[in-house]
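Below is the file work04.cif, which contains mmCIF, C-alpha atoms.
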```
data_structure
loop_
_atom_site.group_PDB
_atom_site.id
_atom_site.type_symbol
_atom_site.label_atom_id
_atom_site.label_comp_id
_atom_site.auth_asym_id
_atom_site.auth_seq_id
_atom_site.Cartn_x
_atom_site.Cartn_y
_atom_site.Cartn_z
ATOM 1 C CA MET A 1 -25.658 21.534 -4.343
ATOM 2 C CA HIS A 2 -26.117 19.025 -1.531
ATOM 3 C CA THR A 3 -28.689 18.661 1.223
ATOM 4 C CA ASN A 4 -27.661 19.115 4.835
ATOM 5 C CA ARG A 5 -29.188 15.940 6.270
ATOM 6 C CA GLU A 6 -28.795 16.926 9.924
ATOM 7 C CA LEU A 7 -30.590 20.215 9.358
ATOM 8 C CA LEU A 8 -33.280 18.445 7.327
ATOM 9 C CA ALA A 9 -33.851 15.967 10.167
ATOM 10 C CA LYS A 10 -34.114 18.859 12.615
ATOM 11 C CA GLY A 11 -36.760 20.537 10.444
ATOM 12 C CA ILE A 12 -38.764 17.333 10.159
ATOM 13 C CA LYS A 13 -38.535 16.951 13.943
ATOM 14 C CA TYR A 14 -40.050 20.424 14.372
ATOM 15 C CA LEU A 15 -42.910 19.474 12.065
ATOM 16 C CA LEU A 16 -43.470 16.225 13.964
ATOM 17 C CA ILE A 17 -43.696 18.205 17.208
ATOM 18 C CA ALA A 18 -46.274 20.468 15.570
ATOM 19 C CA MET A 19 -48.534 17.622 14.424
ATOM 20 C CA PRO A 20 -50.162 16.813 17.796
ATOM 21 C CA LEU A 21 -50.386 20.518 18.601
ATOM 22 C CA ILE A 22 -52.314 21.102 15.362
ATOM 23 C CA VAL A 23 -54.959 18.656 16.566
ATOM 24 C CA ALA A 24 -54.925 19.506 20.283
ATOM 25 C CA GLY A 25 -55.169 23.297 19.977
ATOM 26 C CA PRO A 26 -58.505 23.557 18.174
ATOM 27 C CA SER A 27 -59.917 20.732 20.302
ATOM 28 C CA VAL A 28 -59.074 22.553 23.540
ATOM 29 C CA VAL A 29 -60.444 25.871 22.253
ATOM 30 C CA PHE A 30 -63.637 24.161 21.059
ATOM 31 C CA SER A 31 -64.029 22.470 24.434
ATOM 32 C CA ALA A 32 -63.563 25.799 26.193
ATOM 33 C CA PHE A 33 -66.230 27.492 24.083
ATOM 34 C CA ASN A 34 -68.673 24.652 24.735
ATOM 35 C CA ASN A 35 -68.257 25.058 28.510
ATOM 36 C CA GLN A 36 -68.450 28.825 28.936
ATOM 37 C CA ASP A 37 -70.310 28.561 32.240
ATOM 38 C CA HIS A 38 -67.569 26.416 33.822
ATOM 39 C CA PRO A 39 -65.211 28.144 36.300
ATOM 40 C CA PHE A 40 -62.128 26.993 34.358
ATOM 41 C CA TYR A 41 -63.325 28.517 31.076
ATOM 42 C CA ILE A 42 -60.684 31.278 30.898
ATOM 43 C CA PRO A 43 -57.661 29.093 31.842
ATOM 44 C CA VAL A 44 -58.664 26.399 29.345
ATOM 45 C CA LEU A 45 -59.206 28.985 26.614
ATOM 46 C CA VAL A 46 -55.832 30.618 27.312
ATOM 47 C CA GLY A 47 -54.167 27.186 27.307
ATOM 48 C CA GLY A 48 -55.753 26.362 23.952
ATOM 49 C CA ILE A 49 -54.593 29.648 22.462
ATOM 50 C CA ILE A 50 -51.059 28.995 23.739
ATOM 51 C CA ILE A 51 -51.150 25.548 22.123
ATOM 52 C CA LEU A 52 -52.281 27.123 18.836
ATOM 53 C CA ILE A 53 -49.461 29.689 18.956
ATOM 54 C CA ALA A 54 -46.953 26.910 19.682
ATOM 55 C CA ALA A 55 -48.238 24.929 16.696
ATOM 56 C CA ILE A 56 -47.837 27.945 14.404
ATOM 57 C CA PHE A 57 -44.331 28.550 15.762
ATOM 58 C CA PHE A 58 -43.196 24.954 15.238
ATOM 59 C CA ILE A 59 -44.647 24.848 11.716
ATOM 60 C CA PHE A 60 -42.860 28.077 10.802
ATOM 61 C CA LYS A 61 -39.596 26.933 12.397
ATOM 62 C CA GLY A 62 -39.804 23.522 10.701
ATOM 63 C CA ILE A 63 -40.474 24.890 7.224
ATOM 64 C CA THR A 64 -37.716 27.513 7.469
ATOM 65 C CA THR A 65 -35.251 24.887 8.721
ATOM 66 C CA ILE A 66 -36.136 22.535 5.846
ATOM 67 C CA ILE A 67 -35.718 25.383 3.337
ATOM 68 C CA LYS A 68 -32.293 26.186 4.817
ATOM 69 C CA ALA A 69 -31.320 22.505 4.586
ATOM 70 C CA LEU A 70 -32.353 22.250 0.939
ATOM 71 C CA PHE A 71 -31.200 25.585 -0.438
ATOM 72 C CA GLY A 72 -28.782 27.054 2.120
#
```
Would you mind writing the file's structure down as C-alpha cells?
Amino acid sequence: MHTNRELLAKGIKYLLIAMPLIVAGPSVVFSAFNNQDHPFYIPVLVGGIIILIAAIFFIFKGITTIIKALFG
C-alpha cells in the first residue's frame, strides 16, 4: 500500500486554508455580538457565520482527502 503524495498535499492544503478561518470566524462573531447596537451588526454576524461554515467545510474536505490519500 502506498500513499498518493499529490492527494495528501491537496488535503494538507485544505487544512492550511482552514487554519485562518478557524481563528477569524469566532473573532468576527464575537465582535458582532459585542456591537449589537451598531447598524452593521447583522451583516457582520452573517459574514462571521459564513466564515465558520467555510472553516468546517475545509476541515471536512481536508480530512477526507487525507484519508483517501492514505487508505484509498
Any chance you could work out the axis-aligned box around range 27-39 of chain A, listed atoms only, 4 Å on each side, giving centre and edge lengths in Å to one decimal, as AutoDock Vina command-line options?
```
--center_x -64.7 --center_y 24.8 --center_z 28.3 --size_x 19.2 --size_y 16.1 --size_z 24.0
```
key: Top pick for closest residue to Val28 in chain A, considering A:Ala9, A:Met1, A:Leu45, A:Leu16 and counting all atoms listed in the file   =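 Result for the nearest residue to Val28 in chain A: A:Leu45.
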request  = Find the residue from A:Ile49, A:Thr3, A:Ile12, A:His38 that sits nearest to Ile63 in chain A; use all atoms listed in the file when measuring.
outcome  = A:Ile12
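Rounded to one decimal, CA of Ala54 in chain A and CA of Ala69 in chain A lie 22.2 Å from each other.
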On this structure, the PyMOL selection byres ((chain A and resi 55-61) around 8) would catch which residues? List them as a JSON list (two decimals) with C-alpha atoms, keeping the file's coordinate frame, sorted by chain and number.
```json
[["chain", "number", "residue", "atom", "x", "y", "z"],
["A", 11, "GLY", "CA", -36.76, 20.54, 10.44],
["A", 14, "TYR", "CA", -40.05, 20.42, 14.37],
["A", 15, "LEU", "CA", -42.91, 19.47, 12.06],
["A", 17, "ILE", "CA", -43.70, 18.20, 17.21],
["A", 18, "ALA", "CA", -46.27, 20.47, 15.57],
["A", 19, "MET", "CA", -48.53, 17.62, 14.42],
["A", 21, "LEU", "CA", -50.39, 20.52, 18.60],
["A", 22, "ILE", "CA", -52.31, 21.10, 15.36],
["A", 25, "GLY", "CA", -55.17, 23.30, 19.98],
["A", 51, "ILE", "CA", -51.15, 25.55, 22.12],
["A", 52, "LEU", "CA", -52.28, 27.12, 18.84],
["A", 53, "ILE", "CA", -49.46, 29.69, 18.96],
["A", 54, "ALA", "CA", -46.95, 26.91, 19.68],
["A", 62, "GLY", "CA", -39.80, 23.52, 10.70],
["A", 63, "ILE", "CA", -40.47, 24.89, 7.22],
["A", 64, "THR", "CA", -37.72, 27.51, 7.47],
["A", 65, "THR", "CA", -35.25, 24.89, 8.72]]
```
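Applied to the file shown here, the PyMOL selection byres ((chain A and resi 70) around 8) selects the residues His2, Thr3, Asn4, Leu8, Ile66, Ile67, Lys68, Ala69, Phe71 and Gly72 of chain A.
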request  = Could you pull out every residue with an atom within 6 Å of (-62.4, 28.5, 27.0), file coordinates, counting all atoms listed in the file, and send them as a PyMOL selection string?
outcome  = chain A and resi 29+32-33+41-42+44-45
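Taking CA of Val46 in chain A and CA of Val23 in chain A as the two end points, the separation is 16.1 Å.
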ask   = Which value, in Å to one decimal, gives the distance between CA of Ser27 in chain A and CA of Lys10 in chain A?
value =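 Going from CA of Ser27 in chain A over to CA of Lys10 in chain A, I get 27.0 Å.
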From the structure block, carefully write range 11-41 of chain A out with C-alpha atoms; format it as a short mmCIF file (atom, residue, chain, number, x, y, z; two decimals), in the first residue's frame.
```cif
data_model
loop_
_atom_site.label_atom_id
_atom_site.label_comp_id
_atom_site.auth_asym_id
_atom_site.auth_seq_id
_atom_site.Cartn_x
_atom_site.Cartn_y
_atom_site.Cartn_z
CA GLY A 11 -5.58 17.57 1.75
CA ILE A 12 -2.93 19.42 3.73
CA LYS A 13 -3.58 22.49 1.57
CA TYR A 14 -7.27 22.35 2.51
CA LEU A 15 -6.35 22.19 6.18
CA LEU A 16 -3.96 25.13 5.79
CA ILE A 17 -6.77 27.15 4.21
CA ALA A 18 -8.98 26.28 7.18
CA MET A 19 -6.48 27.43 9.81
CA PRO A 20 -7.01 31.21 9.46
CA LEU A 21 -10.75 30.67 9.09
CA ILE A 22 -10.81 28.78 12.40
CA VAL A 23 -9.42 31.87 14.12
CA ALA A 24 -11.25 34.55 12.11
CA GLY A 25 -14.76 33.10 12.34
CA PRO A 26 -15.21 33.15 16.11
CA SER A 27 -13.47 36.53 16.31
CA VAL A 28 -15.90 38.10 13.83
CA VAL A 29 -18.93 36.55 15.54
CA PHE A 30 -17.68 37.72 18.95
CA SER A 31 -17.13 41.22 17.58
CA ALA A 32 -20.64 41.25 16.13
CA PHE A 33 -22.20 40.23 19.44
CA ASN A 34 -20.25 42.92 21.29
CA ASN A 35 -21.59 45.62 18.95
CA GLN A 36 -25.28 44.74 18.74
CA ASP A 37 -26.35 48.38 18.61
CA HIS A 38 -24.20 49.09 15.53
CA PRO A 39 -26.01 49.35 12.16
CA PHE A 40 -23.73 46.72 10.60
CA TYR A 41 -24.49 44.11 13.27
#
```
